[in-house]
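A.B. asks: You'll find data_26.cif just under this line, and it carries mmCIF, N, CA and C atoms.
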```cif
data_start
#
loop_
_atom_site.label_atom_id
_atom_site.label_comp_id
_atom_site.auth_asym_id
_atom_site.auth_seq_id
_atom_site.Cartn_x
_atom_site.Cartn_y
_atom_site.Cartn_z
N MET R 788 -12.88 -17.37 6.57
CA MET R 788 -11.46 -17.24 6.35
C MET R 788 -10.98 -18.14 5.21
N PHE R 789 -11.43 -19.36 5.16
CA PHE R 789 -10.97 -20.28 4.13
C PHE R 789 -11.58 -20.00 2.77
N ASP R 790 -12.58 -19.15 2.73
CA ASP R 790 -13.18 -18.78 1.46
C ASP R 790 -12.15 -18.10 0.56
N ASN R 791 -11.24 -17.30 1.15
CA ASN R 791 -10.21 -16.63 0.37
C ASN R 791 -9.21 -17.60 -0.24
N TRP R 792 -9.07 -18.77 0.30
CA TRP R 792 -8.09 -19.74 -0.18
C TRP R 792 -8.55 -20.45 -1.45
N GLN R 793 -9.74 -20.18 -1.91
CA GLN R 793 -10.21 -20.78 -3.15
C GLN R 793 -9.54 -20.14 -4.36
N LYS R 794 -8.91 -19.01 -4.18
CA LYS R 794 -8.20 -18.33 -5.25
C LYS R 794 -6.73 -18.67 -5.12
N TYR R 795 -6.12 -19.14 -6.18
CA TYR R 795 -4.74 -19.63 -6.12
C TYR R 795 -3.75 -18.56 -5.69
N TRP R 796 -3.97 -17.32 -6.13
CA TRP R 796 -3.02 -16.26 -5.78
C TRP R 796 -2.93 -16.08 -4.27
N TYR R 797 -4.03 -16.17 -3.57
CA TYR R 797 -4.01 -15.98 -2.12
C TYR R 797 -3.26 -17.09 -1.40
N VAL R 798 -3.27 -18.26 -1.97
CA VAL R 798 -2.55 -19.39 -1.36
C VAL R 798 -1.05 -19.26 -1.61
N LEU R 799 -0.68 -18.88 -2.82
CA LEU R 799 0.73 -18.82 -3.20
C LEU R 799 1.42 -17.51 -2.84
N HIS R 800 0.66 -16.48 -2.55
CA HIS R 800 1.21 -15.15 -2.27
C HIS R 800 2.30 -15.14 -1.21
N PRO R 801 2.15 -15.79 -0.06
CA PRO R 801 3.19 -15.74 0.96
C PRO R 801 4.54 -16.31 0.52
N PHE R 802 4.55 -17.16 -0.47
CA PHE R 802 5.81 -17.72 -0.95
C PHE R 802 6.58 -16.75 -1.84
N PHE R 803 5.87 -15.83 -2.48
CA PHE R 803 6.51 -14.89 -3.40
C PHE R 803 6.79 -13.53 -2.77
N TYR R 804 5.88 -13.05 -1.98
CA TYR R 804 6.00 -11.69 -1.44
C TYR R 804 6.39 -11.77 0.04
N ARG R 805 7.68 -11.79 0.28
CA ARG R 805 8.19 -11.88 1.64
C ARG R 805 9.61 -11.35 1.67
N GLY R 806 10.13 -11.16 2.85
CA GLY R 806 11.53 -10.79 3.04
C GLY R 806 11.97 -9.57 2.27
N ASN R 807 12.98 -9.75 1.44
CA ASN R 807 13.60 -8.65 0.71
C ASN R 807 12.63 -7.98 -0.26
N GLU R 808 11.80 -8.75 -0.93
CA GLU R 808 10.83 -8.18 -1.87
C GLU R 808 9.84 -7.25 -1.14
N LYS R 809 9.38 -7.70 0.01
CA LYS R 809 8.43 -6.89 0.78
C LYS R 809 9.09 -5.59 1.26
N GLU R 810 10.28 -5.68 1.80
CA GLU R 810 10.98 -4.50 2.30
C GLU R 810 11.33 -3.53 1.17
N LYS R 811 11.75 -4.07 0.03
CA LYS R 811 12.10 -3.22 -1.10
C LYS R 811 10.86 -2.50 -1.64
N THR R 812 9.74 -3.20 -1.72
CA THR R 812 8.50 -2.58 -2.18
C THR R 812 8.06 -1.47 -1.25
N ARG R 813 8.10 -1.71 0.03
CA ARG R 813 7.71 -0.68 1.00
C ARG R 813 8.63 0.53 0.93
N SER R 814 9.92 0.28 0.75
CA SER R 814 10.89 1.37 0.62
C SER R 814 10.62 2.20 -0.63
N TYR R 815 10.36 1.53 -1.76
CA TYR R 815 10.07 2.24 -3.00
C TYR R 815 8.79 3.06 -2.90
N LEU R 816 7.78 2.51 -2.28
CA LEU R 816 6.52 3.26 -2.12
C LEU R 816 6.73 4.50 -1.26
N ALA R 817 7.51 4.39 -0.20
CA ALA R 817 7.79 5.54 0.66
C ALA R 817 8.59 6.60 -0.10
N GLU R 818 9.59 6.19 -0.85
CA GLU R 818 10.39 7.14 -1.63
C GLU R 818 9.55 7.81 -2.71
N LEU R 819 8.70 7.05 -3.37
CA LEU R 819 7.81 7.61 -4.38
C LEU R 819 6.86 8.63 -3.76
N SER R 820 6.33 8.33 -2.60
CA SER R 820 5.43 9.24 -1.91
C SER R 820 6.14 10.55 -1.56
N LYS R 821 7.33 10.44 -1.00
CA LYS R 821 8.10 11.64 -0.64
C LYS R 821 8.42 12.49 -1.86
N GLN R 822 8.79 11.83 -2.96
CA GLN R 822 9.11 12.55 -4.18
C GLN R 822 7.88 13.25 -4.76
N LEU R 823 6.72 12.59 -4.73
CA LEU R 823 5.49 13.23 -5.20
C LEU R 823 5.13 14.45 -4.36
N LEU R 824 5.25 14.33 -3.05
CA LEU R 824 4.96 15.46 -2.18
C LEU R 824 5.88 16.63 -2.49
N LYS R 825 7.14 16.33 -2.75
CA LYS R 825 8.12 17.38 -3.05
C LYS R 825 7.83 18.03 -4.40
N GLU R 826 7.64 17.22 -5.44
CA GLU R 826 7.43 17.76 -6.79
C GLU R 826 6.10 18.47 -6.95
N LEU R 827 5.10 18.05 -6.20
CA LEU R 827 3.78 18.71 -6.28
C LEU R 827 3.65 19.86 -5.29
N ASN R 828 4.72 20.14 -4.55
CA ASN R 828 4.73 21.22 -3.55
C ASN R 828 3.61 21.07 -2.53
N LEU R 829 3.41 19.88 -2.07
CA LEU R 829 2.38 19.60 -1.06
C LEU R 829 3.04 19.52 0.31
N PHE R 830 3.40 20.68 0.84
CA PHE R 830 4.15 20.72 2.09
C PHE R 830 3.29 20.44 3.31
N ASN R 831 1.99 20.64 3.21
CA ASN R 831 1.09 20.37 4.32
C ASN R 831 0.38 19.03 4.16
N TYR R 832 0.99 18.13 3.43
CA TYR R 832 0.42 16.81 3.18
C TYR R 832 1.33 15.72 3.72
N THR R 833 0.76 14.57 3.96
CA THR R 833 1.52 13.39 4.34
C THR R 833 1.04 12.22 3.47
N TYR R 834 1.54 11.05 3.73
CA TYR R 834 1.21 9.91 2.87
C TYR R 834 1.02 8.64 3.70
N THR R 835 0.34 7.69 3.10
CA THR R 835 0.21 6.34 3.63
C THR R 835 0.42 5.39 2.47
N CYS R 836 1.20 4.34 2.70
CA CYS R 836 1.51 3.36 1.66
C CYS R 836 0.80 2.04 1.95
N PHE R 837 0.33 1.42 0.89
CA PHE R 837 -0.32 0.11 0.98
C PHE R 837 0.36 -0.81 -0.02
N ASP R 838 1.04 -1.82 0.48
CA ASP R 838 1.80 -2.70 -0.39
C ASP R 838 0.95 -3.87 -0.87
N PHE R 839 1.58 -4.90 -1.36
CA PHE R 839 0.88 -6.04 -1.95
C PHE R 839 0.27 -7.01 -0.95
N LEU R 840 0.27 -6.67 0.33
CA LEU R 840 -0.36 -7.56 1.32
C LEU R 840 -1.88 -7.55 1.19
N GLY R 841 -2.43 -6.43 0.77
CA GLY R 841 -3.88 -6.36 0.62
C GLY R 841 -4.58 -6.06 1.92
N PRO R 842 -5.87 -5.86 1.88
CA PRO R 842 -6.62 -5.45 3.07
C PRO R 842 -6.68 -6.52 4.16
N ASN R 843 -6.63 -7.78 3.80
CA ASN R 843 -6.72 -8.85 4.81
C ASN R 843 -5.43 -9.64 4.95
N ASN R 844 -4.33 -9.10 4.42
CA ASN R 844 -3.03 -9.78 4.44
C ASN R 844 -3.03 -11.12 3.72
N TYR R 845 -3.94 -11.30 2.76
CA TYR R 845 -3.96 -12.50 1.93
C TYR R 845 -3.28 -12.26 0.59
N GLY R 846 -2.85 -11.05 0.36
CA GLY R 846 -2.21 -10.72 -0.90
C GLY R 846 -3.14 -9.99 -1.84
N ASP R 847 -2.55 -9.16 -2.67
CA ASP R 847 -3.30 -8.40 -3.65
C ASP R 847 -2.41 -8.25 -4.88
N THR R 848 -2.99 -7.92 -6.00
CA THR R 848 -2.24 -7.75 -7.24
C THR R 848 -1.87 -6.30 -7.48
N ARG R 849 -2.17 -5.43 -6.54
CA ARG R 849 -1.87 -4.01 -6.70
C ARG R 849 -1.38 -3.43 -5.38
N CYS R 850 -0.66 -2.33 -5.50
CA CYS R 850 -0.25 -1.55 -4.34
C CYS R 850 -0.60 -0.09 -4.64
N TRP R 851 -0.67 0.74 -3.61
CA TRP R 851 -1.03 2.13 -3.83
C TRP R 851 -0.59 3.00 -2.67
N ILE R 852 -0.61 4.30 -2.92
CA ILE R 852 -0.30 5.28 -1.88
C ILE R 852 -1.43 6.29 -1.82
N ALA R 853 -1.59 6.91 -0.67
CA ALA R 853 -2.59 7.96 -0.50
C ALA R 853 -1.88 9.20 0.03
N LEU R 854 -2.08 10.33 -0.64
CA LEU R 854 -1.57 11.61 -0.18
C LEU R 854 -2.74 12.39 0.38
N TYR R 855 -2.61 12.90 1.59
CA TYR R 855 -3.73 13.59 2.23
C TYR R 855 -3.21 14.68 3.15
N PRO R 856 -4.06 15.69 3.48
CA PRO R 856 -3.63 16.80 4.32
C PRO R 856 -3.17 16.34 5.70
N ILE R 857 -2.15 17.00 6.19
CA ILE R 857 -1.55 16.61 7.47
C ILE R 857 -2.49 16.86 8.66
N GLN R 858 -3.48 17.74 8.49
CA GLN R 858 -4.42 18.03 9.57
C GLN R 858 -5.38 16.87 9.85
N LYS R 859 -5.53 15.99 8.90
CA LYS R 859 -6.46 14.87 9.05
C LYS R 859 -5.80 13.73 9.83
N ILE R 860 -6.61 12.96 10.51
CA ILE R 860 -6.11 11.85 11.32
C ILE R 860 -5.57 10.73 10.45
N SER R 861 -6.27 10.41 9.38
CA SER R 861 -5.82 9.35 8.48
C SER R 861 -6.31 9.65 7.07
N HIS R 862 -5.91 8.81 6.14
CA HIS R 862 -6.33 8.99 4.76
C HIS R 862 -7.83 8.78 4.58
N LYS R 863 -8.46 8.07 5.51
CA LYS R 863 -9.90 7.81 5.43
C LYS R 863 -10.72 9.05 5.73
N GLU R 864 -10.12 10.02 6.38
CA GLU R 864 -10.82 11.23 6.80
C GLU R 864 -10.73 12.37 5.78
N ALA R 865 -10.02 12.17 4.68
CA ALA R 865 -9.73 13.30 3.80
C ALA R 865 -9.93 12.95 2.34
N TYR R 866 -10.02 14.00 1.54
CA TYR R 866 -9.92 13.81 0.09
C TYR R 866 -8.49 13.36 -0.19
N GLN R 867 -8.32 12.54 -1.21
CA GLN R 867 -7.01 11.95 -1.45
C GLN R 867 -6.61 12.10 -2.91
N PHE R 868 -5.29 12.07 -3.13
CA PHE R 868 -4.74 11.85 -4.45
C PHE R 868 -4.33 10.39 -4.47
N LEU R 869 -4.92 9.61 -5.34
CA LEU R 869 -4.57 8.18 -5.39
C LEU R 869 -3.84 7.87 -6.69
#
```
Would you mind giving the structure from this file in structure tokens?

C.D. replies:
Amino acid sequence: MFDNWQKYWYVLHPFFYRGNEKEKTRSYLAELSKQLLKELNLFNYTYTCFDFLGPNNYGDTRCWIALYPIQKISHKEAYQFL
């Protein structure tokens, strides 16, 4: 666990990415996902958003969304548009 703390960004991340910034980012990612589904006419698709928390909640320098067919259980089970 402490191995991740050797990188400065992981230590400082909780001070920058919290509260209003986190909620606004999540809201923007959701709106972007909905708009992409609409404009690409992907009516049988859904989305999953991944914000700047990263895979272990230590922070990351990127965020992303996954669009995948609604029949699949999760984005891990399907081909995706990333």

A.B. asks: Just the residues within 8 Å of range 811-818 of chain R, please, counting all atoms listed in the file, with nothing from its chain fewer than 3 positions along; format it as a PDB file with N, CA and C atoms, in the coordinates of the input.

C.D. replies:
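Printed below is around_30.pdb as written:
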```
ATOM      1  N   ARG R 805       7.680 -11.790   0.280  1.00  0.00           N
ATOM      2  CA  ARG R 805       8.190 -11.880   1.640  1.00  0.00           C
ATOM      3  C   ARG R 805       9.610 -11.350   1.670  1.00  0.00           C
ATOM      4  N   GLY R 806      10.130 -11.160   2.850  1.00  0.00           N
ATOM      5  CA  GLY R 806      11.530 -10.790   3.040  1.00  0.00           C
ATOM      6  C   GLY R 806      11.970  -9.570   2.270  1.00  0.00           C
ATOM      7  N   ASN R 807      12.980  -9.750   1.440  1.00  0.00           N
ATOM      8  CA  ASN R 807      13.600  -8.650   0.710  1.00  0.00           C
ATOM      9  C   ASN R 807      12.630  -7.980  -0.260  1.00  0.00           C
ATOM     10  N   GLU R 808      11.800  -8.750  -0.930  1.00  0.00           N
ATOM     11  CA  GLU R 808      10.830  -8.180  -1.870  1.00  0.00           C
ATOM     12  C   GLU R 808       9.840  -7.250  -1.140  1.00  0.00           C
ATOM     13  N   LYS R 821       7.330  10.440  -1.000  1.00  0.00           N
ATOM     14  CA  LYS R 821       8.100  11.640  -0.640  1.00  0.00           C
ATOM     15  C   LYS R 821       8.420  12.490  -1.860  1.00  0.00           C
ATOM     16  N   GLN R 822       8.790  11.830  -2.960  1.00  0.00           N
ATOM     17  CA  GLN R 822       9.110  12.550  -4.180  1.00  0.00           C
ATOM     18  C   GLN R 822       7.880  13.250  -4.760  1.00  0.00           C
ATOM     19  N   LEU R 823       6.720  12.590  -4.730  1.00  0.00           N
ATOM     20  CA  LEU R 823       5.490  13.230  -5.200  1.00  0.00           C
ATOM     21  C   LEU R 823       5.130  14.450  -4.360  1.00  0.00           C
ATOM     22  N   LEU R 824       5.250  14.330  -3.050  1.00  0.00           N
ATOM     23  CA  LEU R 824       4.960  15.460  -2.180  1.00  0.00           C
ATOM     24  C   LEU R 824       5.880  16.630  -2.490  1.00  0.00           C
ATOM     25  N   THR R 835       0.340   7.690   3.100  1.00  0.00           N
ATOM     26  CA  THR R 835       0.210   6.340   3.630  1.00  0.00           C
ATOM     27  C   THR R 835       0.420   5.390   2.470  1.00  0.00           C
ATOM     28  N   CYS R 836       1.200   4.340   2.700  1.00  0.00           N
ATOM     29  CA  CYS R 836       1.510   3.360   1.660  1.00  0.00           C
ATOM     30  C   CYS R 836       0.800   2.040   1.950  1.00  0.00           C
ATOM     31  N   PHE R 837       0.330   1.420   0.890  1.00  0.00           N
ATOM     32  CA  PHE R 837      -0.320   0.110   0.980  1.00  0.00           C
ATOM     33  C   PHE R 837       0.360  -0.810  -0.020  1.00  0.00           C
ATOM     34  N   ASP R 838       1.040  -1.820   0.480  1.00  0.00           N
ATOM     35  CA  ASP R 838       1.800  -2.700  -0.390  1.00  0.00           C
ATOM     36  C   ASP R 838       0.950  -3.870  -0.870  1.00  0.00           C
ATOM     37  N   PHE R 839       1.580  -4.900  -1.360  1.00  0.00           N
ATOM     38  CA  PHE R 839       0.880  -6.040  -1.950  1.00  0.00           C
ATOM     39  C   PHE R 839       0.270  -7.010  -0.950  1.00  0.00           C
ATOM     40  N   TRP R 851      -0.670   0.740  -3.610  1.00  0.00           N
ATOM     41  CA  TRP R 851      -1.030   2.130  -3.830  1.00  0.00           C
ATOM     42  C   TRP R 851      -0.590   3.000  -2.670  1.00  0.00           C
ATOM     43  N   ILE R 852      -0.610   4.300  -2.920  1.00  0.00           N
ATOM     44  CA  ILE R 852      -0.300   5.280  -1.880  1.00  0.00           C
ATOM     45  C   ILE R 852      -1.430   6.290  -1.820  1.00  0.00           C
TER      46      ILE R 852
END
```

A.B. asks: Name all residues at most 12 Å from Lys863 in chain R (count only C-alpha atoms; drop same-chain ones fewer than 3 positions away) and give them as a list in words.

C.D. replies: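 My reading of the contact set: Tyr834, Thr835, Ala853, Leu854, Tyr855, Pro856, Lys859, Ile860, Tyr866, Gln867 and Phe868 of chain R.
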
A.B. asks: Give me, please, the distance in Å between atom N of Leu829 in chain R and atom N of Thr848 in chain R, quoted to one decimal.

C.D. replies: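 It comes out at 28.8 Å.
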
A.B. asks: Quote the spacing between atom N of Pro801 in chain R and atom C of Cys850 in chain R in Å to one decimal place.

C.D. replies: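 Spanning atom N of Pro801 in chain R to atom C of Cys850 in chain R is a straight-line distance of 16.6 Å.
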
A.B. asks: What residues in chain R get the DSSP label strand (DSSP E)? Please answer as number ranges by chain.

C.D. replies: R: 832-837, 851-856

A.B. asks: Rounded to one decimal in Å, what is the spacing between CA of Asn843 in chain R and atom C of Gln858 in chain R?

C.D. replies: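 Pair CA of Asn843 in chain R / atom C of Gln858 in chain R returns 26.2 Å.
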